[in-house]
Every structure is written in C-alpha cells, then in structure tokens.
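For reference, final-v5.txt (compact mmCIF, C-alpha atoms (C1' of nucleotides)):
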```
# COMPACT_ATOMS: atom_id res chain seq x y z
CA MET D 76 20.23 81.79 25.36
CA TYR D 77 17.03 82.52 27.31
CA PRO D 78 17.00 79.41 29.46
CA ASN D 79 13.67 79.95 31.01
CA GLY D 80 12.32 82.90 29.18
CA MET D 81 8.62 82.26 29.52
CA ILE D 82 8.14 85.59 31.23
CA GLU D 83 10.12 87.40 28.59
CA LEU D 84 7.95 85.83 25.91
CA SER D 85 4.83 86.98 27.73
CA ILE D 86 6.13 90.51 28.07
CA LEU D 87 7.05 90.73 24.41
CA GLY D 88 3.72 89.17 23.46
CA PHE D 89 1.53 91.51 25.45
CA LEU D 90 3.48 94.61 24.46
CA TYR D 91 3.25 93.62 20.80
CA ASP D 92 -0.42 94.58 20.93
CA GLU D 93 -0.13 97.81 22.83
CA PRO D 94 2.19 99.72 25.15
CA LEU D 95 1.55 99.01 28.80
CA HIS D 96 3.10 99.95 32.09
CA GLY D 97 4.65 97.37 34.36
CA TYR D 98 1.81 97.08 36.77
CA GLU D 99 -0.74 96.39 34.06
CA LEU D 100 1.65 93.94 32.48
CA ARG D 101 1.91 92.13 35.76
CA LYS D 102 -1.84 91.70 35.89
CA ARG D 103 -1.97 90.26 32.40
CA VAL D 104 0.90 87.89 32.96
CA ALA D 105 -0.72 86.83 36.21
CA ALA D 106 -3.97 86.03 34.39
CA LEU D 107 -2.19 84.05 31.69
CA THR D 108 0.13 81.92 33.78
CA GLY D 109 -0.33 83.02 37.38
CA HIS D 110 -2.59 80.14 38.32
CA VAL D 111 0.24 77.77 37.51
CA ARG D 112 3.04 79.78 39.04
CA PRO D 113 2.43 83.23 40.47
CA ILE D 114 4.48 86.05 39.06
CA ALA D 115 6.56 87.96 41.60
CA ASP D 116 7.66 91.58 41.31
CA GLY D 117 11.19 90.38 41.84
CA THR D 118 10.83 88.36 38.65
CA LEU D 119 8.94 90.79 36.46
CA TYR D 120 10.86 94.01 36.94
CA PRO D 121 14.31 92.52 36.41
CA ALA D 122 12.96 90.85 33.27
CA ILE D 123 11.74 94.21 31.99
CA LYS D 124 15.17 95.65 32.72
CA ARG D 125 16.88 92.89 30.77
CA LEU D 126 14.70 93.51 27.77
CA GLU D 127 15.36 97.23 28.00
CA ARG D 128 19.09 96.65 28.32
CA ASP D 129 18.96 94.53 25.18
CA GLY D 130 17.17 97.26 23.28
CA LEU D 131 13.93 95.32 22.88
CA LEU D 132 11.75 97.86 24.67
CA GLU D 133 11.76 101.50 25.71
CA ARG D 134 10.20 103.11 28.72
CA ASP D 135 8.57 106.54 28.91
CA PRO D 136 7.93 107.95 32.36
CA GLN D 137 4.40 109.31 32.62
CA PRO D 138 3.99 112.13 35.10
CA GLY D 139 0.94 111.60 37.24
CA ALA D 140 -0.57 111.41 40.64
CA GLN D 141 0.71 107.93 41.43
CA ALA D 142 3.15 107.14 44.15
CA ALA D 143 5.76 105.85 41.77
CA PRO D 144 5.57 107.38 38.30
CA LYS D 145 4.27 104.99 35.66
CA HIS D 146 6.67 103.87 33.00
CA VAL D 147 4.93 103.11 29.76
CA LEU D 148 6.73 100.27 28.01
CA THR D 149 6.85 100.14 24.23
CA LEU D 150 8.51 97.53 22.04
CA THR D 151 11.21 98.80 19.72
CA ALA D 152 11.48 97.54 16.15
CA ALA D 153 14.13 95.14 17.43
CA GLY D 154 11.71 93.97 20.12
CA ARG D 155 8.97 93.32 17.59
CA ALA D 156 11.39 91.38 15.40
CA GLU D 157 12.64 89.44 18.41
CA LEU D 158 9.13 88.31 19.35
CA ARG D 159 8.53 87.05 15.84
CA ARG D 160 11.88 85.30 15.91
CA ARG D 161 11.13 83.58 19.21
CA LEU D 162 7.74 82.51 17.90
CA ALA D 163 9.09 81.25 14.59
CA GLU D 164 12.15 79.44 15.98
CA PRO D 165 11.30 78.47 19.52
CA ASP D 166 13.79 76.58 21.64
CA GLU D 167 12.75 73.01 22.34
CA PRO D 168 11.22 73.64 25.79
CA PHE D 169 8.72 75.99 24.18
CA ILE D 170 7.49 73.03 22.15
CA THR D 171 7.66 70.33 24.79
CA ASP D 172 6.79 72.07 28.04
CA GLU D 173 3.07 72.65 28.32
CA ASN D 174 3.34 75.94 30.17
CA ARG D 175 5.70 77.41 27.62
CA TRP D 176 3.73 75.94 24.77
CA PHE D 177 0.55 77.58 26.03
CA THR D 178 2.38 80.87 26.11
CA MET D 179 3.38 80.27 22.50
CA LEU D 180 -0.27 79.68 21.59
CA ALA D 181 -1.30 82.87 23.32
CA PHE D 182 0.83 84.93 20.97
CA LEU D 183 1.27 82.81 17.87
CA ARG D 184 -1.14 84.99 15.93
CA HIS D 185 1.54 87.69 15.95
CA LEU D 186 3.53 85.53 13.60
CA ASP D 187 1.51 86.65 10.64
CA GLU D 188 2.72 84.20 8.02
CA PRO D 189 0.55 81.06 8.05
CA ALA D 190 3.46 79.00 6.78
CA LEU D 191 5.53 79.92 9.82
CA GLN D 192 2.63 79.29 12.16
CA ALA D 193 2.09 75.90 10.56
CA GLY D 194 5.76 75.09 11.00
CA VAL D 195 5.48 75.64 14.73
CA LEU D 196 2.31 73.57 15.01
CA ARG D 197 4.02 70.79 13.09
CA ARG D 198 6.86 70.72 15.58
CA ARG D 199 4.38 70.33 18.41
CA LEU D 200 2.53 67.62 16.49
CA ALA D 201 5.77 65.74 15.88
CA PHE D 202 6.55 65.91 19.58
CA LEU D 203 3.12 64.63 20.60
CA THR D 204 3.04 61.77 18.10
CA GLU D 205 6.53 60.55 18.91
CA PRO D 206 6.27 57.34 20.91
CA ALA D 207 7.25 57.86 24.51
CA SER D 208 6.77 56.36 27.92
CA PHE D 209 7.28 57.55 31.44
CA PHE D 210 8.71 54.31 32.73
CA TRP D 211 10.72 51.47 31.27
CA ASP D 212 11.63 47.95 32.20
CA GLY D 213 14.97 47.79 30.46
CA ASP D 214 14.06 48.46 26.83
CA ARG D 215 10.39 47.73 27.19
CA PRO D 216 8.17 50.78 27.62
CA LEU D 217 5.67 50.26 30.40
CA ARG D 218 2.02 51.08 29.79
CA ALA D 219 -0.99 51.81 31.95
CA ALA D 220 -1.90 48.15 32.32
CA ASP D 221 1.54 47.36 33.73
CA PHE D 222 0.83 49.25 36.92
CA ASP D 223 -1.18 48.29 39.92
CA ASP D 224 -1.26 51.66 41.53
CA PRO D 225 -4.08 53.90 40.36
CA PHE D 226 -1.90 57.00 40.26
CA ARG D 227 0.53 55.81 37.64
CA LYS D 228 -2.41 54.42 35.73
CA GLY D 229 -3.99 57.84 35.94
CA LEU D 230 -0.81 59.47 34.74
CA PHE D 231 -1.06 57.45 31.54
CA THR D 232 -4.79 57.91 31.18
CA ILE D 233 -4.58 61.66 31.49
CA ALA D 234 -1.50 62.05 29.35
CA THR D 235 -2.96 59.93 26.57
CA ALA D 236 -6.34 61.62 26.60
CA THR D 237 -4.98 65.13 26.61
CA SER D 238 -2.49 64.48 23.90
CA ARG D 239 -5.17 62.90 21.74
CA THR D 240 -7.33 66.00 22.07
CA GLU D 241 -4.48 68.26 21.17
CA ILE D 242 -3.39 66.15 18.22
CA GLY D 243 -6.90 66.44 16.83
CA TRP D 244 -6.88 70.17 17.21
CA LEU D 245 -3.44 70.46 15.63
CA ARG D 246 -4.50 68.42 12.57
CA GLU D 247 -7.62 70.50 12.08
CA THR D 248 -5.80 73.77 12.48
CA LEU D 249 -2.99 72.71 10.18
CA ALA D 250 -5.55 71.80 7.54
CA ALA D 251 -7.22 75.19 7.95
CA LEU D 252 -3.91 77.00 7.71
CA GLY D 253 -2.95 75.12 4.55
CA ALA D 254 -6.20 76.08 2.84
CA MET G 213 11.86 75.85 51.05
CA TYR G 214 12.57 73.76 47.93
CA PRO G 215 11.70 76.36 45.35
CA ASN G 216 11.80 74.18 42.33
CA GLY G 217 12.36 70.78 43.70
CA MET G 218 10.89 68.64 40.96
CA ILE G 219 14.18 66.85 40.47
CA GLU G 220 14.59 66.30 44.18
CA LEU G 221 11.11 64.78 44.33
CA SER G 222 12.00 62.43 41.48
CA ILE G 223 15.21 61.37 43.15
CA LEU G 224 13.48 60.68 46.44
CA GLY G 225 10.67 58.91 44.62
CA PHE G 226 12.83 56.55 42.62
CA LEU G 227 15.15 55.76 45.51
CA TYR G 228 12.17 54.98 47.72
CA ASP G 229 11.71 51.78 45.72
CA GLU G 230 15.31 50.67 45.55
CA PRO G 231 18.86 51.97 45.86
CA LEU G 232 20.30 53.16 42.59
CA HIS G 233 23.47 54.80 41.43
CA GLY G 234 23.46 58.24 39.86
CA TYR G 235 23.72 57.15 36.27
CA GLU G 236 20.76 54.82 36.52
CA LEU G 237 18.83 57.50 38.33
CA ARG G 238 19.56 59.89 35.50
CA LYS G 239 18.04 57.46 33.01
CA ARG G 240 14.87 57.07 35.05
CA VAL G 241 14.45 60.78 35.60
CA ALA G 242 15.08 61.31 31.90
CA ALA G 243 12.33 58.82 31.03
CA LEU G 244 9.87 60.41 33.43
CA THR G 245 10.33 64.08 32.60
CA GLY G 246 13.15 64.26 30.06
CA HIS G 247 10.86 64.65 27.08
CA VAL G 248 9.58 67.86 28.59
CA ARG G 249 12.87 69.19 29.83
CA PRO G 250 16.06 67.17 29.52
CA ILE G 251 17.93 66.52 32.70
CA ALA G 252 21.53 67.73 32.69
CA ASP G 253 24.36 66.25 34.73
CA GLY G 254 24.98 69.71 36.04
CA THR G 255 21.50 69.62 37.53
CA LEU G 256 21.35 66.05 38.78
CA TYR G 257 24.63 65.66 40.61
CA PRO G 258 24.38 68.87 42.61
CA ALA G 259 20.84 67.84 43.55
CA ILE G 260 22.13 64.51 44.84
CA LYS G 261 24.76 66.39 46.83
CA ARG G 262 22.14 68.62 48.41
CA LEU G 263 20.09 65.66 49.48
CA GLU G 264 23.18 63.99 50.89
CA ARG G 265 24.18 67.16 52.71
CA ASP G 266 20.72 67.28 54.26
CA GLY G 267 20.99 63.71 55.45
CA LEU G 268 18.26 62.38 53.17
CA LEU G 269 20.43 59.88 51.37
CA GLU G 270 23.71 58.04 51.76
CA ARG G 271 26.15 56.95 49.13
CA ASP G 272 28.24 53.80 49.06
CA PRO G 273 31.11 53.67 46.61
CA GLN G 274 31.10 50.37 44.76
CA PRO G 275 34.51 49.20 43.65
CA GLY G 276 34.37 47.92 40.11
CA ALA G 277 35.71 48.07 36.64
CA GLN G 278 34.02 51.34 35.72
CA ALA G 279 35.88 54.45 34.87
CA ALA G 280 34.39 56.39 37.74
CA PRO G 281 33.40 54.22 40.67
CA LYS G 282 29.64 53.85 41.07
CA HIS G 283 28.04 55.37 44.08
CA VAL G 284 24.98 53.48 45.20
CA LEU G 285 22.49 55.89 46.67
CA THR G 286 20.19 54.80 49.47
CA LEU G 287 17.53 56.84 51.22
CA THR G 288 17.97 57.28 54.94
CA ALA G 289 15.04 57.05 57.32
CA ALA G 290 14.92 60.84 57.22
CA GLY G 291 14.86 60.69 53.42
CA ARG G 292 11.96 58.25 53.42
CA ALA G 293 10.05 60.44 55.84
CA GLU G 294 10.85 63.52 53.79
CA LEU G 295 9.42 61.99 50.63
CA ARG G 296 6.18 61.15 52.42
CA ARG G 297 6.07 64.66 53.82
CA ARG G 298 6.53 66.25 50.41
CA LEU G 299 3.85 64.00 48.98
CA ALA G 300 1.40 64.66 51.80
CA GLU G 301 1.93 68.43 52.03
CA PRO G 302 3.06 69.58 48.61
CA ASP G 303 3.79 73.23 47.95
CA GLU G 304 1.26 74.87 45.65
CA PRO G 305 3.28 74.52 42.43
CA PHE G 306 3.19 70.76 42.85
CA ILE G 307 -0.58 70.99 42.64
CA THR G 308 -0.91 73.61 39.93
CA ASP G 309 2.00 72.99 37.60
CA GLU G 310 1.34 70.05 35.36
CA ASN G 311 4.94 68.84 35.25
CA ARG G 312 5.27 68.82 39.00
CA TRP G 313 1.83 67.33 39.41
CA PHE G 314 2.70 64.46 37.11
CA THR G 315 5.77 63.83 39.21
CA MET G 316 3.50 63.72 42.25
CA LEU G 317 1.30 61.13 40.54
CA ALA G 318 4.32 59.02 39.68
CA PHE G 319 5.12 58.54 43.36
CA LEU G 320 1.86 59.11 45.20
CA ARG G 321 1.51 55.41 45.86
CA HIS G 322 4.37 55.73 48.34
CA LEU G 323 2.06 57.69 50.54
CA ASP G 324 0.42 54.61 51.85
CA GLU G 325 -2.52 56.10 53.71
CA PRO G 326 -5.52 56.43 51.37
CA ALA G 327 -6.80 59.39 53.37
CA LEU G 328 -3.62 61.32 52.70
CA GLN G 329 -3.65 60.37 49.04
CA ALA G 330 -7.24 61.51 48.79
CA GLY G 331 -6.36 64.82 50.40
CA VAL G 332 -3.81 65.49 47.71
CA LEU G 333 -6.20 64.54 44.91
CA ARG G 334 -8.79 66.84 46.43
CA ARG G 335 -6.42 69.76 46.30
CA ARG G 336 -5.82 69.12 42.62
CA LEU G 337 -9.55 68.79 42.04
CA ALA G 338 -10.20 72.08 43.81
CA PHE G 339 -7.60 73.76 41.64
CA LEU G 340 -9.05 72.38 38.42
CA THR G 341 -12.65 73.22 39.24
CA GLU G 342 -11.89 76.76 40.36
CA PRO G 343 -13.13 79.18 37.69
CA ALA G 344 -10.24 80.78 35.82
CA SER G 345 -9.48 82.46 32.56
CA PHE G 346 -6.33 83.25 30.66
CA PHE G 347 -7.44 86.68 29.49
CA TRP G 348 -9.69 89.38 30.82
CA ASP G 349 -11.39 92.47 29.54
CA GLY G 350 -11.42 94.43 32.77
CA ASP G 351 -13.44 92.20 35.07
CA ARG G 352 -14.97 90.06 32.39
CA PRO G 353 -13.25 86.74 31.74
CA LEU G 354 -12.79 86.14 28.04
CA ARG G 355 -13.77 82.79 26.57
CA ALA G 356 -12.94 80.86 23.43
CA ALA G 357 -15.70 82.53 21.41
CA ASP G 358 -14.26 85.97 22.19
CA PHE G 359 -11.22 85.34 20.06
CA ASP G 360 -10.78 85.44 16.34
CA ASP G 361 -7.41 83.86 16.21
CA PRO G 362 -7.42 80.07 16.12
CA PHE G 363 -4.49 79.74 18.52
CA ARG G 364 -6.12 81.38 21.49
CA LYS G 365 -9.28 79.46 20.68
CA GLY G 366 -7.18 76.31 20.68
CA LEU G 367 -5.66 77.26 24.00
CA PHE G 368 -9.13 77.24 25.55
CA THR G 369 -10.26 74.14 23.72
CA ILE G 370 -7.27 72.13 24.84
CA ALA G 371 -7.24 73.44 28.38
CA THR G 372 -10.94 72.74 28.85
CA ALA G 373 -10.80 69.26 27.37
CA THR G 374 -7.77 68.17 29.33
CA SER G 375 -9.06 69.48 32.58
CA ARG G 376 -12.42 67.79 32.02
CA THR G 377 -10.69 64.44 31.50
CA GLU G 378 -8.63 64.84 34.61
CA ILE G 379 -11.57 65.95 36.72
CA GLY G 380 -13.37 62.77 35.70
CA TRP G 381 -10.43 60.64 36.68
CA LEU G 382 -10.02 62.46 40.00
CA ARG G 383 -13.69 61.94 40.91
CA GLU G 384 -13.52 58.24 40.07
CA THR G 385 -10.32 57.71 41.94
CA LEU G 386 -11.52 59.62 44.97
CA ALA G 387 -14.61 57.46 45.05
CA ALA G 388 -12.48 54.33 44.85
CA LEU G 389 -10.18 55.54 47.63
CA GLY G 390 -13.11 56.32 49.86
CA ALA G 391 -14.50 52.82 49.50
C1' DC N 295 43.18 48.72 14.92
C1' DT N 296 40.68 52.86 15.37
C1' DC N 297 36.93 55.55 16.44
C1' DA N 298 32.67 56.29 18.58
C1' DT N 299 29.61 55.57 22.11
C1' DA N 300 28.12 54.05 26.65
C1' DA N 301 29.09 54.18 31.44
C1' DT N 302 30.22 56.99 35.46
C1' DC N 303 31.04 60.99 38.12
C1' DA N 304 32.25 65.85 38.82
C1' DT N 305 32.82 71.21 38.77
C1' DC N 306 32.41 76.00 37.37
C1' DG N 307 30.31 80.22 35.80
C1' DT N 308 26.33 82.48 34.27
C1' DC N 309 21.73 83.34 34.38
C1' DT N 310 17.09 83.36 36.13
C1' DC N 311 13.80 82.94 39.72
C1' DC N 312 11.79 84.39 43.73
C1' DG N 313 10.72 85.74 48.43
C1' DA N 314 11.46 89.43 51.47
C1' DG N 315 11.80 93.94 52.16
C1' DG N 316 11.37 98.92 50.99
C1' DT N 317 8.90 103.53 49.49
C1' DA N 318 4.93 106.38 48.57
C1' DT N 319 0.09 107.94 47.39
C1' DA N 320 -5.00 107.41 46.72
C1' DT N 321 -9.10 105.40 47.93
C1' DA N 322 -12.27 102.70 50.45
C1' DT N 323 -13.73 100.77 54.76
C1' DC N 324 -14.63 100.77 59.57
C1' DG X 143 -9.44 109.32 62.15
C1' DA X 144 -7.27 104.85 61.47
C1' DT X 145 -6.47 100.92 58.89
C1' DA X 146 -6.38 98.28 54.84
C1' DT X 147 -5.98 97.74 50.03
C1' DA X 148 -4.79 99.01 45.38
C1' DT X 149 -1.50 101.37 42.58
C1' DA X 150 3.28 101.68 41.15
C1' DC X 151 8.11 100.73 41.18
C1' DC X 152 12.58 98.93 42.91
C1' DT X 153 16.70 96.02 45.02
C1' DC X 154 19.12 92.42 47.20
C1' DG X 155 20.58 87.87 48.38
C1' DG X 156 20.20 83.02 48.10
C1' DA X 157 19.34 79.15 45.43
C1' DG X 158 18.55 76.30 41.50
C1' DA X 159 19.11 75.22 36.44
C1' DC X 160 22.05 74.37 32.90
C1' DG X 161 25.54 74.30 29.29
C1' DA X 162 30.35 73.57 28.89
C1' DT X 163 34.08 71.02 30.01
C1' DG X 164 36.73 67.26 31.71
C1' DA X 165 38.33 62.64 33.05
C1' DT X 166 38.58 57.43 32.56
C1' DT X 167 37.36 52.69 30.93
C1' DA X 168 34.66 49.16 28.37
C1' DT X 169 32.40 47.79 24.42
C1' DG X 170 30.96 47.64 19.75
C1' DA X 171 31.23 48.98 14.92
C1' DG X 172 33.74 49.62 10.78
```
Kindly return the structure encoded in the file as structure tokens.
Amino acid sequence: MYPNGMIELSILGFLYDEPLHGYELRKRVAALTGHVRPIADGTLYPAIKRLERDGLLERDPQPGAQAAPKHVLTLTAAGRAELRRRLAEPDEPFITDENRWFTMLAFLRHLDEPALQAGVLRRRLAFLTEPASFFWDGDRPLRAADFDDPFRKGLFTIATATSRTEIGWLRETLAALGA
Amino acid sequence: MYPNGMIELSILGFLYDEPLHGYELRKRVAALTGHVRPIADGTLYPAIKRLERDGLLERDPQPGAQAAPKHVLTLTAAGRAELRRRLAEPDEPFITDENRWFTMLAFLRHLDEPALQAGVLRRRLAFLTEPASFFWDGDRPLRAADFDDPFRKGLFTIATATSRTEIGWLRETLAALGA
DNA sequence: CTCATAATCATCGTCTCCGAGGTATATATC
DNA sequence: GATATATACCTCGGAGACGATGATTATGAG
C-alpha cells in the first residue's frame, strides 16, 4: 500500500497538531529524520500532492508578500482518521525498521486510546524479544564470541545493548498504560 | 551514485568471502537484514544483474539436478576493489542510517587497513556526538523533559541510551585499532 | 500417492525516492 | 550596489524497491 511511507506518516503526524505550510513542514520533517536521511523538495512536495489527491489534506493559498504564495495544509477528517489507522495498524516495517518505528513513537500519542497504543508497543516488544541472529552456520545462530573481527562483535554488542534498553522502556510503559 | 545500495553492499560483502549462488545469497542477506525489511526476489535478482552489468561479478552456470540451474556468483577484481572503495568512502547514509551502518559493520573487516577502518569509525563517532534534536521550538532544541507524552520521552530515552553505548564501543575500538 | 514445501531463477508494472534544475522575492552581508 | 541566503513552491527523469506471478524439480509429510 504505502511501501515506504515514512514521509507520509510524518506529514500526517505534524499536521494532526496544527495546519502548516509546506516549507515549515519541511523544517520539522528535517529535524525529526533529516539527520538520518535528508529530506529533498522532490520528495516532500510530491508526497503532499499524493495526500491531497487522496483527500487526506486540503490546501489554502495564503496571499502574502512571499515569492511563491504559501499553501496552508490542513488535514481533512479522512486524513485524521487515516493517521490514526496507520498508527493503530502499522505495516510490519513500521515495527521492525528503527527509523520508521521512531516516527511511530513521535506521533503515537495521537492514538488516544491507551489500549491501541499498548497494542502497538506489544508488537514492537514481540519483535525485539524474538530470537534472531545476523549470521548463521547452517542452523546454528552465530553469536558475538564466534567472531574474531571486532566489527561483527561490535554489531552484536550494540544491537544487544540497545534492544535491552528498549525492552526495558517498553515493559515500563506498557505497565503504566495498563494502570 | 548508488542511491540506496544497501543490498548491493551486502552482495559484495558476502561474495568477498566466497562465491555463492543467488539462492544462498538470498538466505544470508535475509539473515543479516531480513528481520528489518524482508528481501524480495524482485529486489535481489535485479541487483545481481546490475552488478554483473557493471563488471563487478561474474556468473557461472552449474549444471545439476535443480529445477533452475544454479549460477555461482564470483566477484571480479573490479568487484573486490569496489567493495573496498564503498567501505572506505561510504556515502553519508551509510554512516547515519542505522540499517546501512550495521551493514557496514558486517563487512568492515574486509577493509584490511586499520587506518581506513578507523577513519570510517571516526565518521560514525562524529555523527553520533554531534548535537541534535528531533524537535525544536524555534531555535531551542526540545529535550525529553519538555514532553508530556511518554512516547516522545521514550524516543529520547532510547536514542540517548543507544548512542551512548555505541559511542563507548567506538572509542574502545578506535583505541584498539590505533595500538 | 498426493500435496506442500524447498530449491532455483526470472520478469513486469507500479510506486516512491531523490538529485538537478527552475522561478521569484525579501533580507542581510559585504 | 552586488551577492548570498532564506523563504516558498514546483517538475522532470532516472533508478531502485517490491509485490505478483510464473516455471520446474526434489524431497518430505500425511
């Protein structure tokens, strides 16, 4: 459906709070994910157009002194519903891919039912606690100690440490949401 | 140049060790990054073709009892050089994007000069130690304490913890490489 | 014996991404 | 007065990602 869609999620997420024009949107998206992968005009504006075409947002031209007239973008009711839908039933990559997952976290508060929020966190927790390895020798998963080179060792060290931290946070937050 | 290129890096990386046929390659790539984003045949085989077209690998059909005859893929000298080049001078996303960076770590040992390896680690270290924030209020970077919602707080908590772990590992490993 | 799954490779169409290029004004700097 | 930078939007073309679909044979389960 939306094979990449991280930018679309960001747009919907930022506009859910308040109407913005494209240029301001670009700055916010750049702050959120730009350090990982910079956002290009050629990516943002077509994405806005897609969302408009699909009836998820409307644009109001604002007369003004600017070179190109600002277009204030506002989510429609369908757009607001679509954001909640994408947050409540994310495609797998939004759970497994860290960049997409972080974008989910940035906007998950817009899903105002704690039960739905908890459902999403539980999916992430299930993914992180599932046994996995980066390398295999036949059926045997290889572990840090199986490697001589410090880089593959580091890969395991970092992956394990970061997932442990996040698992802790997920358990705490799930407990808080249940209460 | 190679705008996404993570799959190409994996292919070059795995073949650097030993010739493999496509199906086996698919399993290894799937183990390395498939949990994050599954690898589709429609992605892998065209990527192999590109690399062949560019003279980076050669394929030898193996007669056998299989349905479709295996093609054993071997890196050419140009392919081996190209892997080392991509490892030594990675495009920015290979430093900043965690998925690509992990792929770098998986194969960085193939860059056999410690000075070059250290250069790459230093770029990652510079990226991680650079001050950054996900959200801003005008010019002021917002921090975990500025948010009420637990998800954005979690975003900061997790990002900070994981980057601290990795910074530690980078410093240690850089010290070891220097010695 | 049948049915499913693993093994093995391939293509096609659709969508998204992204860099490059384009236009125009206001403001700040030199 | 000139030059750069920020503001503000847009398009086009090339390339990659990916799901769908397809084909054949061996093996294992029921």
Counting all atoms listed in the file, give me one row per residue of chain G with an atom at most 7 Å from an atom of chain D, showing the shortest contact pair and its distance in Å to one decimal, sorted by chain then residue number, as CSV.
```
residue,atom,partner,partner_atom,distance
G:Ala243,CA,D:Phe209,CA,5.2
G:Leu244,CA,D:Phe209,CA,4.3
G:His247,CA,D:Thr171,CA,6.9
G:Val248,CA,D:Thr171,CA,4.9
G:Arg249,CA,D:Pro168,CA,6.2
G:Pro305,CA,D:Arg112,CA,6.3
G:Thr308,CA,D:Val111,CA,4.9
G:Asp309,CA,D:Val111,CA,5.1
G:Phe314,CA,D:Leu230,CA,6.5
G:Leu317,CA,D:Phe226,CA,5.2
G:Ala318,CA,D:Arg227,CA,5.4
G:Leu320,CA,D:Phe226,CA,6.6
G:Arg321,CA,D:Asp224,CA,6.4
G:Ser345,CA,D:Ala106,CA,6.8
G:Phe346,CA,D:Leu107,CA,4.3
G:Phe347,CA,D:Ala106,CA,6.0
G:Asp361,CA,D:Arg184,CA,6.4
G:Phe363,CA,D:Leu180,CA,5.2
G:Arg364,CA,D:Ala181,CA,5.4
G:Leu367,CA,D:Leu180,CA,6.4
G:Ile370,CA,D:Glu241,CA,6.0
G:Thr374,CA,D:Thr237,CA,4.9
G:Thr377,CA,D:Ile233,CA,6.7
G:Glu378,CA,D:Ile233,CA,6.0
```
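Considering the residues X:DG172, X:DG143, X:DG164, X:DG155 and counting all atoms listed in the file, chain D has its shortest atom-to-atom contact with X:DG155.
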Exercise for the section: Restrict the distance test to only C-alpha atoms (C1' of nucleotides), flag each residue of chain N within 8 Å of chain D, and return the flagged residues as a PyMOL selection string. Expected result: chain N and resi 309-312+318-320
Can I get the selected residues back with C-alpha atoms (C1' of nucleotides), as an mmCIF file, in the coordinates of the input?
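Written file, selection21.cif:
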```cif
data_model
loop_
_atom_site.group_PDB
_atom_site.id
_atom_site.type_symbol
_atom_site.label_atom_id
_atom_site.label_comp_id
_atom_site.auth_asym_id
_atom_site.auth_seq_id
_atom_site.Cartn_x
_atom_site.Cartn_y
_atom_site.Cartn_z
ATOM 1 C "C1'" DC N 309 21.730 83.340 34.380
ATOM 2 C "C1'" DT N 310 17.090 83.360 36.130
ATOM 3 C "C1'" DC N 311 13.800 82.940 39.720
ATOM 4 C "C1'" DC N 312 11.790 84.390 43.730
ATOM 5 C "C1'" DA N 318 4.930 106.380 48.570
ATOM 6 C "C1'" DT N 319 0.090 107.940 47.390
ATOM 7 C "C1'" DA N 320 -5.000 107.410 46.720
#
```
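By chain and then residue number, the residues within 10 Å of Glu294 of chain G are Leu221, Leu224, Leu268, Leu287, Thr288 and Ala300 of chain G, counting only C-alpha atoms (C1' of nucleotides) and disregarding those fewer than 6 positions away in sequence.
Atom pair atom CA of Pro144 of chain D / atom C1' of DG316 of chain N: separated by 16.3 Å.
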Problem - Shortest interatomic distance to chain X - which of G:Arg334, G:Pro343, G:Glu230, G:Tyr257, counting all atoms listed in the file - result: G:Tyr257
